[in-house]
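Student: Below is the file coords.cif, which contains mmCIF, C-alpha atoms.
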```cif
data_model
loop_
_atom_site.label_atom_id
_atom_site.label_comp_id
_atom_site.auth_asym_id
_atom_site.auth_seq_id
_atom_site.Cartn_x
_atom_site.Cartn_y
_atom_site.Cartn_z
CA MET C 1 0.00 0.00 0.00
CA LYS C 2 1.46 3.36 -1.04
CA LYS C 3 2.00 5.88 1.73
CA PHE C 4 1.55 9.65 1.58
CA ALA C 5 3.11 12.10 4.03
CA VAL C 6 0.75 15.06 4.56
CA ILE C 7 2.37 18.17 6.02
CA LEU C 8 -0.02 20.35 7.98
CA SER C 9 0.48 23.95 9.17
CA GLY C 10 -2.20 24.40 11.85
CA SER C 11 -6.00 24.06 11.68
CA GLY C 12 -7.99 26.82 9.99
CA VAL C 13 -7.68 28.66 6.68
CA TYR C 14 -6.53 32.04 8.05
CA ASP C 15 -3.71 30.91 10.35
CA GLY C 16 -3.15 27.22 9.54
CA SER C 17 -4.03 24.44 7.10
CA GLU C 18 -7.25 24.94 5.16
CA ILE C 19 -9.47 22.33 6.86
CA HIS C 20 -11.46 21.28 3.76
CA GLU C 21 -8.35 20.87 1.60
CA ALA C 22 -6.55 18.88 4.31
CA THR C 23 -9.54 16.65 5.14
CA LEU C 24 -10.42 15.99 1.50
CA THR C 25 -6.78 15.14 0.77
CA LEU C 26 -6.91 12.49 3.51
CA LEU C 27 -10.22 11.22 2.07
CA ALA C 28 -8.75 11.12 -1.46
CA ILE C 29 -5.75 9.14 -0.18
CA HIS C 30 -8.00 6.52 1.45
CA ASN C 31 -10.35 6.56 -1.53
CA ASN C 32 -7.39 5.56 -3.73
CA GLU C 33 -6.53 2.71 -1.35
CA CYS C 34 -3.41 4.35 -0.01
CA GLU C 35 -2.46 5.33 3.54
CA TYR C 36 -1.19 8.55 5.09
CA GLN C 37 0.89 9.91 7.94
CA CYS C 38 0.44 13.52 8.98
CA TYR C 39 3.34 15.71 10.08
CA ALA C 40 3.65 19.31 11.27
CA PRO C 41 6.47 21.46 12.59
CA ASP C 42 6.64 21.83 16.37
CA ILE C 43 6.72 25.64 16.28
CA GLU C 44 4.52 28.51 17.42
CA GLN C 45 1.93 29.76 14.92
CA HIS C 46 2.74 33.15 13.40
CA HIS C 47 -0.52 34.36 14.97
CA VAL C 48 -4.07 33.27 15.86
CA ILE C 49 -6.92 34.63 13.74
CA ASN C 50 -10.58 34.89 14.77
CA HIS C 51 -12.10 33.22 11.70
CA ILE C 52 -15.34 35.25 11.97
CA THR C 53 -13.87 38.76 12.19
CA GLY C 54 -10.49 38.12 10.53
CA GLU C 55 -8.82 39.88 13.46
CA GLU C 56 -5.79 38.68 15.40
CA MET C 57 -6.50 37.18 18.83
CA PRO C 58 -4.19 37.74 21.83
CA GLU C 59 -3.22 34.05 22.04
CA LYS C 60 -0.37 31.73 21.19
CA ARG C 61 -0.92 28.31 19.61
CA ASN C 62 1.46 25.57 18.48
CA VAL C 63 1.34 24.39 14.84
CA LEU C 64 1.86 20.70 15.69
CA ILE C 65 -0.76 20.65 18.46
CA GLU C 66 -3.39 22.50 16.39
CA SER C 67 -2.70 20.38 13.29
CA ALA C 68 -3.49 17.28 15.39
CA ARG C 69 -7.14 18.43 15.38
CA ILE C 70 -7.31 17.60 11.66
CA SER C 71 -5.62 14.19 12.08
CA ARG C 72 -7.55 13.13 15.21
CA GLY C 73 -4.34 13.10 17.25
CA ASP C 74 -2.28 10.87 14.95
CA ILE C 75 0.56 13.17 13.88
CA LYS C 76 4.36 13.31 14.04
CA PRO C 77 6.67 16.29 14.40
CA LEU C 78 8.15 17.22 11.02
CA SER C 79 11.61 16.64 12.53
CA GLU C 80 10.83 12.90 12.48
CA PHE C 81 10.07 12.86 8.74
CA LYS C 82 12.19 10.44 6.73
CA VAL C 83 12.09 10.26 2.93
CA GLU C 84 12.26 6.45 3.06
CA ASP C 85 9.02 6.30 5.12
CA CYS C 86 6.79 7.66 2.33
CA ASP C 87 6.12 7.28 -1.38
CA ALA C 88 4.91 10.85 -1.87
CA LEU C 89 4.36 14.08 0.06
CA ILE C 90 1.42 16.52 0.05
CA LEU C 91 1.24 20.14 1.18
CA PRO C 92 -2.41 21.22 1.57
CA GLY C 93 -3.11 24.96 1.41
CA GLY C 94 -4.33 27.57 3.85
CA PHE C 95 -2.52 30.66 5.11
CA GLY C 96 -0.49 28.43 7.44
CA ALA C 97 1.58 27.52 4.36
CA ALA C 98 2.32 31.22 3.83
CA LYS C 99 2.62 32.25 7.50
CA ASN C 100 3.94 29.23 9.44
CA LEU C 101 5.71 27.03 6.86
CA SER C 102 7.09 30.05 5.03
CA THR C 103 6.99 33.84 5.23
CA TYR C 104 5.34 34.21 1.79
CA ALA C 105 2.34 36.14 3.16
CA PHE C 106 4.69 38.85 4.42
CA ASP C 107 7.75 38.75 2.18
CA GLY C 108 6.52 37.53 -1.23
CA VAL C 109 9.42 36.73 -3.58
CA ASN C 110 11.87 37.40 -0.74
CA SER C 111 10.16 34.92 1.61
CA LYS C 112 11.97 32.22 3.57
CA VAL C 113 10.83 28.60 3.94
CA LEU C 114 11.06 26.91 7.33
CA PRO C 115 14.51 25.25 7.23
CA GLU C 116 13.30 21.78 8.28
CA LEU C 117 10.64 21.83 5.54
CA LYS C 118 13.17 23.08 2.99
CA GLU C 119 15.40 20.10 3.80
CA VAL C 120 12.44 17.68 3.50
CA LEU C 121 11.53 19.06 0.05
CA ILE C 122 15.12 18.96 -1.22
CA ASN C 123 15.51 15.38 0.01
CA MET C 124 12.22 14.29 -1.63
CA HIS C 125 13.27 15.95 -4.88
CA GLU C 126 16.71 14.31 -4.84
CA ALA C 127 15.03 10.93 -4.22
CA LYS C 128 12.75 11.66 -7.23
CA LYS C 129 9.67 11.12 -5.05
CA PRO C 130 6.50 13.08 -5.90
CA ILE C 131 5.58 16.29 -4.11
CA GLY C 132 1.98 17.55 -4.34
CA ALA C 133 1.01 21.10 -3.40
CA MET C 134 -2.45 22.66 -3.22
CA CYS C 135 -3.84 26.21 -3.21
CA ILE C 136 -1.10 28.69 -2.12
CA SER C 137 1.45 25.97 -1.17
CA PRO C 138 3.10 25.90 -4.63
CA VAL C 139 4.85 29.16 -3.61
CA ILE C 140 6.85 27.03 -1.15
CA ILE C 141 7.89 24.70 -3.97
CA ALA C 142 8.85 27.67 -6.15
CA ASN C 143 10.96 29.02 -3.31
CA VAL C 144 12.87 25.77 -2.73
CA LEU C 145 13.02 24.09 -6.17
CA LYS C 146 13.89 26.23 -9.19
CA ASN C 147 12.82 25.54 -12.80
CA THR C 148 9.61 23.71 -11.90
CA THR C 149 6.26 24.19 -13.61
CA LEU C 150 3.48 25.02 -11.17
CA THR C 151 -0.09 26.27 -10.89
CA ILE C 152 -1.96 28.29 -8.28
CA GLY C 153 -4.98 28.78 -10.59
CA ASN C 154 -5.20 32.22 -12.17
CA ASP C 155 -4.11 34.82 -9.57
CA GLU C 156 -1.77 37.09 -11.54
CA ALA C 157 0.18 38.51 -8.59
CA VAL C 158 1.04 35.10 -7.15
CA ALA C 159 1.71 33.65 -10.62
CA ASN C 160 4.09 36.55 -11.28
CA ASN C 161 5.92 35.89 -8.01
CA ILE C 162 6.32 32.22 -8.95
CA GLU C 163 7.94 33.32 -12.23
CA LEU C 164 10.19 35.80 -10.37
CA MET C 165 11.33 32.98 -8.07
CA GLY C 166 12.52 31.04 -11.14
CA SER C 167 9.70 28.64 -12.01
CA THR C 168 7.03 28.62 -14.72
CA HIS C 169 3.36 29.23 -13.91
CA LEU C 170 0.52 27.78 -15.97
CA LYS C 171 -3.12 28.76 -15.46
CA THR C 172 -5.57 26.05 -14.44
CA SER C 173 -9.28 25.86 -13.60
CA TYR C 174 -11.37 23.99 -10.99
CA GLY C 175 -10.02 20.54 -10.12
CA GLU C 176 -7.22 20.62 -12.70
CA VAL C 177 -3.73 19.35 -11.89
CA MET C 178 -0.45 20.64 -13.32
CA ALA C 179 1.84 17.58 -13.47
CA ASP C 180 5.53 18.49 -13.80
CA LYS C 181 6.71 14.91 -14.32
CA LEU C 182 10.34 15.90 -14.86
CA ASN C 183 10.51 17.34 -11.32
CA MET C 184 7.80 15.06 -9.90
CA VAL C 185 5.89 18.13 -8.69
CA PHE C 186 2.06 18.12 -8.88
CA THR C 187 -0.07 21.19 -8.13
CA THR C 188 -3.79 22.09 -8.09
CA PRO C 189 -5.48 25.44 -7.30
CA CYS C 190 -8.30 24.49 -4.83
CA TYR C 191 -9.43 27.59 -2.87
CA MET C 192 -7.11 29.89 -4.87
CA LEU C 193 -10.17 29.81 -7.16
CA ASP C 194 -13.70 30.55 -5.91
CA SER C 195 -14.23 26.82 -5.51
CA ASN C 196 -16.92 24.91 -3.65
CA LEU C 197 -16.33 21.70 -1.70
CA VAL C 198 -17.05 19.47 -4.69
CA ASP C 199 -14.31 21.28 -6.66
CA ILE C 200 -11.91 20.87 -3.73
CA TYR C 201 -12.55 17.13 -3.56
CA ASP C 202 -12.14 16.88 -7.36
CA GLY C 203 -8.81 18.68 -7.11
CA ALA C 204 -7.59 16.57 -4.19
CA ASN C 205 -8.64 13.33 -5.87
CA ASN C 206 -7.12 14.32 -9.23
CA LEU C 207 -3.90 15.30 -7.45
CA ILE C 208 -3.62 11.98 -5.61
CA GLU C 209 -4.51 9.98 -8.77
CA SER C 210 -1.98 11.90 -10.84
CA ILE C 211 0.73 11.20 -8.27
CA ILE C 212 -0.17 7.49 -8.04
CA ASP C 213 -0.04 7.23 -11.86
CA ASN C 214 3.53 8.54 -11.73
CA LEU C 215 4.84 6.38 -8.89
CA PRO C 216 7.26 3.57 -9.78
CA LYS C 217 5.25 0.41 -10.55
CA MET B 1 -32.28 24.46 -3.83
CA LYS B 2 -32.77 22.71 -0.48
CA LYS B 3 -30.95 24.22 2.49
CA PHE B 4 -29.36 22.40 5.42
CA ALA B 5 -28.54 24.00 8.76
CA VAL B 6 -25.37 22.42 10.18
CA ILE B 7 -24.85 22.93 13.90
CA LEU B 8 -21.21 22.85 14.97
CA SER B 9 -19.77 22.56 18.48
CA GLY B 10 -16.15 23.70 18.09
CA SER B 11 -13.34 22.38 15.87
CA GLY B 12 -11.64 19.14 16.88
CA VAL B 13 -12.88 15.69 17.91
CA TYR B 14 -11.95 15.86 21.61
CA ASP B 15 -13.43 19.25 22.52
CA GLY B 16 -15.55 20.28 19.52
CA SER B 17 -17.04 19.04 16.25
CA GLU B 18 -15.27 16.08 14.65
CA ILE B 19 -13.58 17.81 11.71
CA HIS B 20 -13.89 14.94 9.20
CA GLU B 21 -17.60 14.37 9.96
CA ALA B 22 -18.36 18.08 9.73
CA THR B 23 -16.35 18.67 6.54
CA LEU B 24 -17.69 15.56 4.80
CA THR B 25 -21.25 16.56 5.74
CA LEU B 26 -20.69 19.90 4.00
CA LEU B 27 -19.22 18.06 0.99
CA ALA B 28 -22.18 15.64 0.91
CA ILE B 29 -24.62 18.56 1.00
CA HIS B 30 -22.91 20.24 -2.00
CA ASN B 31 -22.53 16.89 -3.74
CA ASN B 32 -26.31 16.47 -3.55
CA GLU B 33 -26.80 19.93 -5.04
CA CYS B 34 -28.05 21.49 -1.83
CA GLU B 35 -26.69 24.41 0.18
CA TYR B 36 -25.83 24.85 3.84
CA GLN B 37 -25.59 27.43 6.60
CA CYS B 38 -23.45 26.65 9.65
CA TYR B 39 -24.47 27.70 13.16
CA ALA B 40 -22.86 27.32 16.57
CA PRO B 41 -23.70 28.55 20.06
CA ASP B 42 -21.84 31.65 21.23
CA ILE B 43 -20.61 30.03 24.47
CA GLU B 44 -17.31 29.07 26.03
CA GLN B 45 -16.05 25.54 25.29
CA HIS B 46 -16.26 23.16 28.25
CA HIS B 47 -12.47 22.84 27.95
CA VAL B 48 -9.60 22.81 25.45
CA ILE B 49 -7.90 19.48 24.77
CA ASN B 50 -4.39 18.97 23.37
CA HIS B 51 -5.29 16.52 20.58
CA ILE B 52 -1.88 14.79 20.74
CA THR B 53 -1.72 14.06 24.47
CA GLY B 54 -5.43 14.11 25.27
CA GLU B 55 -4.71 16.43 28.18
CA GLU B 56 -6.56 19.60 29.08
CA MET B 57 -4.82 22.86 28.16
CA PRO B 58 -4.98 25.97 30.40
CA GLU B 59 -6.93 27.99 27.81
CA LYS B 60 -10.42 29.21 27.10
CA ARG B 61 -11.96 29.10 23.61
CA ASN B 62 -15.36 30.10 22.25
CA VAL B 63 -17.50 27.47 20.46
CA LEU B 64 -18.76 29.87 17.77
CA ILE B 65 -15.32 31.33 16.99
CA GLU B 66 -13.61 27.91 16.82
CA SER B 67 -16.45 26.41 14.74
CA ALA B 68 -15.85 29.16 12.17
CA ARG B 69 -12.55 27.42 11.32
CA ILE B 70 -14.56 24.55 9.78
CA SER B 71 -16.87 26.89 7.84
CA ARG B 72 -14.14 29.30 6.63
CA GLY B 73 -15.70 32.14 8.61
CA ASP B 74 -19.25 31.83 7.29
CA ILE B 75 -21.24 30.97 10.40
CA LYS B 76 -24.14 32.39 12.45
CA PRO B 77 -24.76 32.26 16.19
CA LEU B 78 -27.30 29.54 17.01
CA SER B 79 -29.50 32.26 18.56
CA GLU B 80 -30.20 33.48 14.99
CA PHE B 81 -31.46 30.06 13.82
CA LYS B 82 -35.00 30.11 12.42
CA VAL B 83 -36.87 26.96 11.44
CA GLU B 84 -38.25 28.66 8.33
CA ASP B 85 -34.70 29.34 7.03
CA CYS B 86 -33.84 25.65 6.49
CA ASP B 87 -35.30 22.46 5.08
CA ALA B 88 -33.32 20.16 7.40
CA LEU B 89 -30.82 20.28 10.24
CA ILE B 90 -27.64 18.24 10.84
CA LEU B 91 -25.68 17.65 14.03
CA PRO B 92 -22.21 16.26 13.20
CA GLY B 93 -20.42 14.36 15.98
CA GLY B 94 -17.33 14.91 18.07
CA PHE B 95 -17.06 15.34 21.84
CA GLY B 96 -18.29 18.92 21.43
CA ALA B 97 -21.79 17.43 21.08
CA ALA B 98 -21.36 15.72 24.47
CA LYS B 99 -19.42 18.51 26.22
CA ASN B 100 -20.55 21.84 24.72
CA LEU B 101 -24.00 21.17 23.22
CA SER B 102 -24.96 18.87 26.08
CA THR B 103 -23.45 17.45 29.27
CA TYR B 104 -23.72 13.82 28.06
CA ALA B 105 -19.97 13.14 28.47
CA PHE B 106 -20.28 13.89 32.18
CA ASP B 107 -23.87 13.12 33.15
CA GLY B 108 -25.01 10.30 30.80
CA VAL B 109 -28.76 9.69 31.10
CA ASN B 110 -29.06 12.65 33.47
CA SER B 111 -27.42 15.05 31.02
CA LYS B 112 -28.82 18.44 30.03
CA VAL B 113 -28.98 19.84 26.50
CA LEU B 114 -28.06 23.48 25.87
CA PRO B 115 -31.45 25.27 26.17
CA GLU B 116 -31.16 27.15 22.86
CA LEU B 117 -30.39 23.89 21.02
CA LYS B 118 -33.24 22.11 22.81
CA GLU B 119 -35.63 24.78 21.57
CA VAL B 120 -34.28 24.49 18.00
CA LEU B 121 -34.78 20.72 18.00
CA ILE B 122 -38.31 20.92 19.43
CA ASN B 123 -39.24 23.57 16.86
CA MET B 124 -37.82 21.49 13.98
CA HIS B 125 -39.69 18.42 15.23
CA GLU B 126 -42.96 20.31 15.56
CA ALA B 127 -42.51 21.64 12.02
CA LYS B 128 -41.93 18.01 10.88
CA LYS B 129 -38.59 19.01 9.33
CA PRO B 130 -35.83 16.39 9.23
CA ILE B 131 -33.08 16.27 11.85
CA GLY B 132 -29.90 14.30 11.07
CA ALA B 133 -27.43 13.30 13.80
CA MET B 134 -24.04 11.61 13.43
CA CYS B 135 -21.70 9.70 15.71
CA ILE B 136 -22.48 10.55 19.39
CA SER B 137 -24.98 13.35 18.57
CA PRO B 138 -28.04 11.04 18.62
CA VAL B 139 -27.79 11.17 22.45
CA ILE B 140 -28.88 14.81 22.15
CA ILE B 141 -31.94 13.75 20.12
CA ALA B 142 -32.74 11.02 22.68
CA ASN B 143 -32.54 13.60 25.43
CA VAL B 144 -34.90 16.09 23.76
CA LEU B 145 -37.31 13.92 21.71
CA LYS B 146 -38.76 10.80 23.32
CA ASN B 147 -39.94 7.66 21.47
CA THR B 148 -37.56 8.06 18.54
CA THR B 149 -35.58 5.25 16.92
CA LEU B 150 -31.87 6.00 16.74
CA THR B 151 -28.46 4.48 16.06
CA ILE B 152 -24.97 5.21 17.36
CA GLY B 153 -23.54 2.02 15.81
CA ASN B 154 -22.95 -0.81 18.29
CA ASP B 155 -21.64 0.71 21.54
CA GLU B 156 -23.67 -1.07 24.22
CA ALA B 157 -23.28 1.52 27.00
CA VAL B 158 -24.44 4.43 24.83
CA ALA B 159 -27.19 2.32 23.23
CA ASN B 160 -28.40 1.41 26.72
CA ASN B 161 -28.47 5.07 27.75
CA ILE B 162 -30.52 5.92 24.66
CA GLU B 163 -33.05 3.27 25.71
CA LEU B 164 -33.06 4.60 29.31
CA MET B 165 -33.80 8.09 27.97
CA GLY B 166 -36.93 6.70 26.31
CA SER B 167 -35.96 5.97 22.70
CA THR B 168 -35.20 2.76 20.81
CA HIS B 169 -31.67 1.92 19.66
CA LEU B 170 -30.95 -0.21 16.61
CA LYS B 171 -27.44 -1.44 15.72
CA THR B 172 -25.94 -0.32 12.43
CA SER B 173 -22.65 -0.82 10.60
CA TYR B 174 -20.34 1.42 8.51
CA GLY B 175 -22.18 4.02 6.45
CA GLU B 176 -25.66 2.79 7.38
CA VAL B 177 -28.48 5.21 8.21
CA MET B 178 -31.35 4.61 10.63
CA ALA B 179 -34.30 6.52 9.17
CA ASP B 180 -37.09 7.17 11.70
CA LYS B 181 -39.51 8.60 9.16
CA LEU B 182 -42.33 9.01 11.69
CA ASN B 183 -40.22 11.47 13.70
CA MET B 184 -38.15 12.65 10.73
CA VAL B 185 -34.97 11.75 12.62
CA PHE B 186 -32.03 10.27 10.67
CA THR B 187 -28.88 8.90 12.35
CA THR B 188 -25.59 7.27 11.27
CA PRO B 189 -22.68 5.98 13.41
CA CYS B 190 -19.55 7.47 11.72
CA TYR B 191 -16.59 7.46 14.17
CA MET B 192 -18.64 5.65 16.86
CA LEU B 193 -17.37 2.68 14.80
CA ASP B 194 -13.67 2.19 13.93
CA SER B 195 -14.36 3.87 10.60
CA ASN B 196 -11.98 5.28 8.04
CA LEU B 197 -12.58 8.45 6.04
CA VAL B 198 -14.27 6.60 3.17
CA ASP B 199 -16.80 5.15 5.66
CA ILE B 200 -17.41 8.63 7.11
CA TYR B 201 -18.11 10.08 3.67
CA ASP B 202 -20.39 7.12 2.88
CA GLY B 203 -22.30 7.75 6.11
CA ALA B 204 -22.55 11.50 5.52
CA ASN B 205 -23.67 11.05 1.92
CA ASN B 206 -26.21 8.34 2.84
CA LEU B 207 -27.56 10.56 5.63
CA ILE B 208 -28.02 13.56 3.33
CA GLU B 209 -29.57 11.41 0.56
CA SER B 210 -31.95 9.76 3.01
CA ILE B 211 -33.07 13.16 4.30
CA ILE B 212 -33.52 14.55 0.77
CA ASP B 213 -35.61 11.50 -0.16
CA ASN B 214 -37.94 12.31 2.73
CA LEU B 215 -38.31 16.04 2.13
CA PRO B 216 -41.67 17.26 0.79
CA LYS B 217 -41.54 17.22 -3.04
#
```
Since I need it in another form, could you write the structure as structure tokens?

Tutor:
Amino acid sequence: MKKFAVILSGSGVYDGSEIHEATLTLLAIHNNECEYQCYAPDIEQHHVINHITGEEMPEKRNVLIESARISRGDIKPLSEFKVEDCDALILPGGFGAAKNLSTYAFDGVNSKVLPELKEVLINMHEAKKPIGAMCISPVIIANVLKNTTLTIGNDEAVANNIELMGSTHLKTSYGEVMADKLNMVFTTPCYMLDSNLVDIYDGANNLIESIIDNLPK
Amino acid sequence: MKKFAVILSGSGVYDGSEIHEATLTLLAIHNNECEYQCYAPDIEQHHVINHITGEEMPEKRNVLIESARISRGDIKPLSEFKVEDCDALILPGGFGAAKNLSTYAFDGVNSKVLPELKEVLINMHEAKKPIGAMCISPVIIANVLKNTTLTIGNDEAVANNIELMGSTHLKTSYGEVMADKLNMVFTTPCYMLDSNLVDIYDGANNLIESIIDNLPK
């Protein structure tokens, strides 16, 4: 049974992993008769957002502990990730990808990626194992791996930043996957478009299927 | 287009709504070409649980604000719920149903249901509009509406409590729905069984389909 590592960044679209994208990725993995292990960095969230008002709350939360809400407690610190333990890796979206896993939300093309995640991505790439990224997460791939072909849907500002970071951006619509088979990088726009839940599940399922199709037989 | 009210109880299986059940309910509603509005009570959570260790954290969180993480911010306080605004109502599971929406986790057959939720359920029942309940949430129905027929899967202690509260319990397996058409109450076990995500989506989809089939044409 093929195994996916899913890297979470908290629990909630505005300060962590987008819950629908993360949950529907886990469903798509099971639906394709594969298994998963969730990981998250054991770091403080950049901030905590009240998801009704959009305002910052005077609290501190830990990315690993909050991510465990999505995985029902079964999660490992990202520091324990080993390339040999998985067949492929997925980064769901949500602002956590741009605030906790990287500084993209604040620094754009000059953003930094969390060093332990950067190492994981470089090691996966060197092992020629597939990396999937959803929604805004492809900006992390663009930051770490140059000369890839990626999609975040059709947002011109983000697409332009991806090009400035040294990769190629191609526009996609609901549920579509950009498969860069040379780099084994697979991306899909999800909530970077004005998607509904059915579109998100389509995208997650298409992403997982595309990756499985490109795994060694 | 038929409209479902989905009542959340926080965000995370151990102190709020079970995230997979809630998310897959929203997906099942869209997948059946219906729409939803999420609601949650504007109250403090009973407690905050670290989902890795299972231990209580020295924090306070608000049920409505945390529930908004599951609905991407689009949520109303339960006090604004009106029977005429929906065609059916769903209670996903998670310990939030037994700790925030009721005291079932602590008081069993002697538990109390949050008064504003009790009123909502009585009003729905009097209007003969369908109520769906997943996982542990049928204990709330048993508490408020007597002489219903319900399922929580096959847990003997909880089934026994449902009988003691004056309803009938019938065993069900993965993805099955108990449809009490006389009372317009529909229940499915979800994570009360050792389900995987595919089972949860089956259960959610079967629940929504069963309710739609019993709506006035």

Student: Please determine, counting only C-alpha atoms, which residue among B:Leu197, B:Val48, B:Ala133, B:Leu170 has the shortest atom-to-atom distance to chain C.

Tutor: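 Once distances to chain C are computed over only C-alpha atoms, the minimum belongs to B:Leu197.
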
Student: Find the residues in chain C near chain B: any atom within 10 Å counts, using all atoms listed in the file. Write them as JSON, numbers by chain.

Tutor: {"C": [11, 12, 13, 14, 15, 16, 17, 18, 19, 20, 21, 22, 23, 24, 26, 27, 28, 29, 30, 31, 32, 33, 49, 50, 51, 52, 53, 54, 59, 64, 65, 66, 67, 68, 69, 70, 71, 72, 73, 74, 75, 76, 196, 197, 198, 199, 200, 201]}

Student: Take the selection from the previous step and output its residues with C-alpha atoms, as a PDB file, keeping the file's coordinate frame.

Tutor:
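File written: out_32.pdb
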```
ATOM      1  CA  SER C  11      -6.000  24.060  11.680  1.00  0.00           C
ATOM      2  CA  GLY C  12      -7.990  26.820   9.990  1.00  0.00           C
ATOM      3  CA  VAL C  13      -7.680  28.660   6.680  1.00  0.00           C
ATOM      4  CA  TYR C  14      -6.530  32.040   8.050  1.00  0.00           C
ATOM      5  CA  ASP C  15      -3.710  30.910  10.350  1.00  0.00           C
ATOM      6  CA  GLY C  16      -3.150  27.220   9.540  1.00  0.00           C
ATOM      7  CA  SER C  17      -4.030  24.440   7.100  1.00  0.00           C
ATOM      8  CA  GLU C  18      -7.250  24.940   5.160  1.00  0.00           C
ATOM      9  CA  ILE C  19      -9.470  22.330   6.860  1.00  0.00           C
ATOM     10  CA  HIS C  20     -11.460  21.280   3.760  1.00  0.00           C
ATOM     11  CA  GLU C  21      -8.350  20.870   1.600  1.00  0.00           C
ATOM     12  CA  ALA C  22      -6.550  18.880   4.310  1.00  0.00           C
ATOM     13  CA  THR C  23      -9.540  16.650   5.140  1.00  0.00           C
ATOM     14  CA  LEU C  24     -10.420  15.990   1.500  1.00  0.00           C
ATOM     15  CA  LEU C  26      -6.910  12.490   3.510  1.00  0.00           C
ATOM     16  CA  LEU C  27     -10.220  11.220   2.070  1.00  0.00           C
ATOM     17  CA  ALA C  28      -8.750  11.120  -1.460  1.00  0.00           C
ATOM     18  CA  ILE C  29      -5.750   9.140  -0.180  1.00  0.00           C
ATOM     19  CA  HIS C  30      -8.000   6.520   1.450  1.00  0.00           C
ATOM     20  CA  ASN C  31     -10.350   6.560  -1.530  1.00  0.00           C
ATOM     21  CA  ASN C  32      -7.390   5.560  -3.730  1.00  0.00           C
ATOM     22  CA  GLU C  33      -6.530   2.710  -1.350  1.00  0.00           C
ATOM     23  CA  ILE C  49      -6.920  34.630  13.740  1.00  0.00           C
ATOM     24  CA  ASN C  50     -10.580  34.890  14.770  1.00  0.00           C
ATOM     25  CA  HIS C  51     -12.100  33.220  11.700  1.00  0.00           C
ATOM     26  CA  ILE C  52     -15.340  35.250  11.970  1.00  0.00           C
ATOM     27  CA  THR C  53     -13.870  38.760  12.190  1.00  0.00           C
ATOM     28  CA  GLY C  54     -10.490  38.120  10.530  1.00  0.00           C
ATOM     29  CA  GLU C  59      -3.220  34.050  22.040  1.00  0.00           C
ATOM     30  CA  LEU C  64       1.860  20.700  15.690  1.00  0.00           C
ATOM     31  CA  ILE C  65      -0.760  20.650  18.460  1.00  0.00           C
ATOM     32  CA  GLU C  66      -3.390  22.500  16.390  1.00  0.00           C
ATOM     33  CA  SER C  67      -2.700  20.380  13.290  1.00  0.00           C
ATOM     34  CA  ALA C  68      -3.490  17.280  15.390  1.00  0.00           C
ATOM     35  CA  ARG C  69      -7.140  18.430  15.380  1.00  0.00           C
ATOM     36  CA  ILE C  70      -7.310  17.600  11.660  1.00  0.00           C
ATOM     37  CA  SER C  71      -5.620  14.190  12.080  1.00  0.00           C
ATOM     38  CA  ARG C  72      -7.550  13.130  15.210  1.00  0.00           C
ATOM     39  CA  GLY C  73      -4.340  13.100  17.250  1.00  0.00           C
ATOM     40  CA  ASP C  74      -2.280  10.870  14.950  1.00  0.00           C
ATOM     41  CA  ILE C  75       0.560  13.170  13.880  1.00  0.00           C
ATOM     42  CA  LYS C  76       4.360  13.310  14.040  1.00  0.00           C
ATOM     43  CA  ASN C 196     -16.920  24.910  -3.650  1.00  0.00           C
ATOM     44  CA  LEU C 197     -16.330  21.700  -1.700  1.00  0.00           C
ATOM     45  CA  VAL C 198     -17.050  19.470  -4.690  1.00  0.00           C
ATOM     46  CA  ASP C 199     -14.310  21.280  -6.660  1.00  0.00           C
ATOM     47  CA  ILE C 200     -11.910  20.870  -3.730  1.00  0.00           C
ATOM     48  CA  TYR C 201     -12.550  17.130  -3.560  1.00  0.00           C
TER      49      TYR C 201
END
```

Student: Using the chain letters and numbering of this document, enumerate as a count of residues only the residues selected by the PyMOL selection byres ((chain C and resi 125) around 12).

Tutor: 28

Student: Could you list the residues chosen by the PyMOL selection byres ((chain C and resi 93-105) around 7) in this structure as a VMD selection string?

Tutor: chain C and resid 9 to 10 13 to 18 21 45 to 46 91 to 92 106 to 108 111 to 114 134 to 137 140

Student: Keeping only C-alpha atoms, take the residues you just selected and write them out as an mmCIF file, keeping the file's coordinate frame.

Tutor:
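And here's again25.cif as it stands now:
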```cif
data_model
loop_
_atom_site.group_PDB
_atom_site.id
_atom_site.type_symbol
_atom_site.label_atom_id
_atom_site.label_comp_id
_atom_site.auth_asym_id
_atom_site.auth_seq_id
_atom_site.Cartn_x
_atom_site.Cartn_y
_atom_site.Cartn_z
ATOM 1 C CA SER C 9 0.480 23.950 9.170
ATOM 2 C CA GLY C 10 -2.200 24.400 11.850
ATOM 3 C CA VAL C 13 -7.680 28.660 6.680
ATOM 4 C CA TYR C 14 -6.530 32.040 8.050
ATOM 5 C CA ASP C 15 -3.710 30.910 10.350
ATOM 6 C CA GLY C 16 -3.150 27.220 9.540
ATOM 7 C CA SER C 17 -4.030 24.440 7.100
ATOM 8 C CA GLU C 18 -7.250 24.940 5.160
ATOM 9 C CA GLU C 21 -8.350 20.870 1.600
ATOM 10 C CA GLN C 45 1.930 29.760 14.920
ATOM 11 C CA HIS C 46 2.740 33.150 13.400
ATOM 12 C CA LEU C 91 1.240 20.140 1.180
ATOM 13 C CA PRO C 92 -2.410 21.220 1.570
ATOM 14 C CA PHE C 106 4.690 38.850 4.420
ATOM 15 C CA ASP C 107 7.750 38.750 2.180
ATOM 16 C CA GLY C 108 6.520 37.530 -1.230
ATOM 17 C CA SER C 111 10.160 34.920 1.610
ATOM 18 C CA LYS C 112 11.970 32.220 3.570
ATOM 19 C CA VAL C 113 10.830 28.600 3.940
ATOM 20 C CA LEU C 114 11.060 26.910 7.330
ATOM 21 C CA MET C 134 -2.450 22.660 -3.220
ATOM 22 C CA CYS C 135 -3.840 26.210 -3.210
ATOM 23 C CA ILE C 136 -1.100 28.690 -2.120
ATOM 24 C CA SER C 137 1.450 25.970 -1.170
ATOM 25 C CA ILE C 140 6.850 27.030 -1.150
#
```
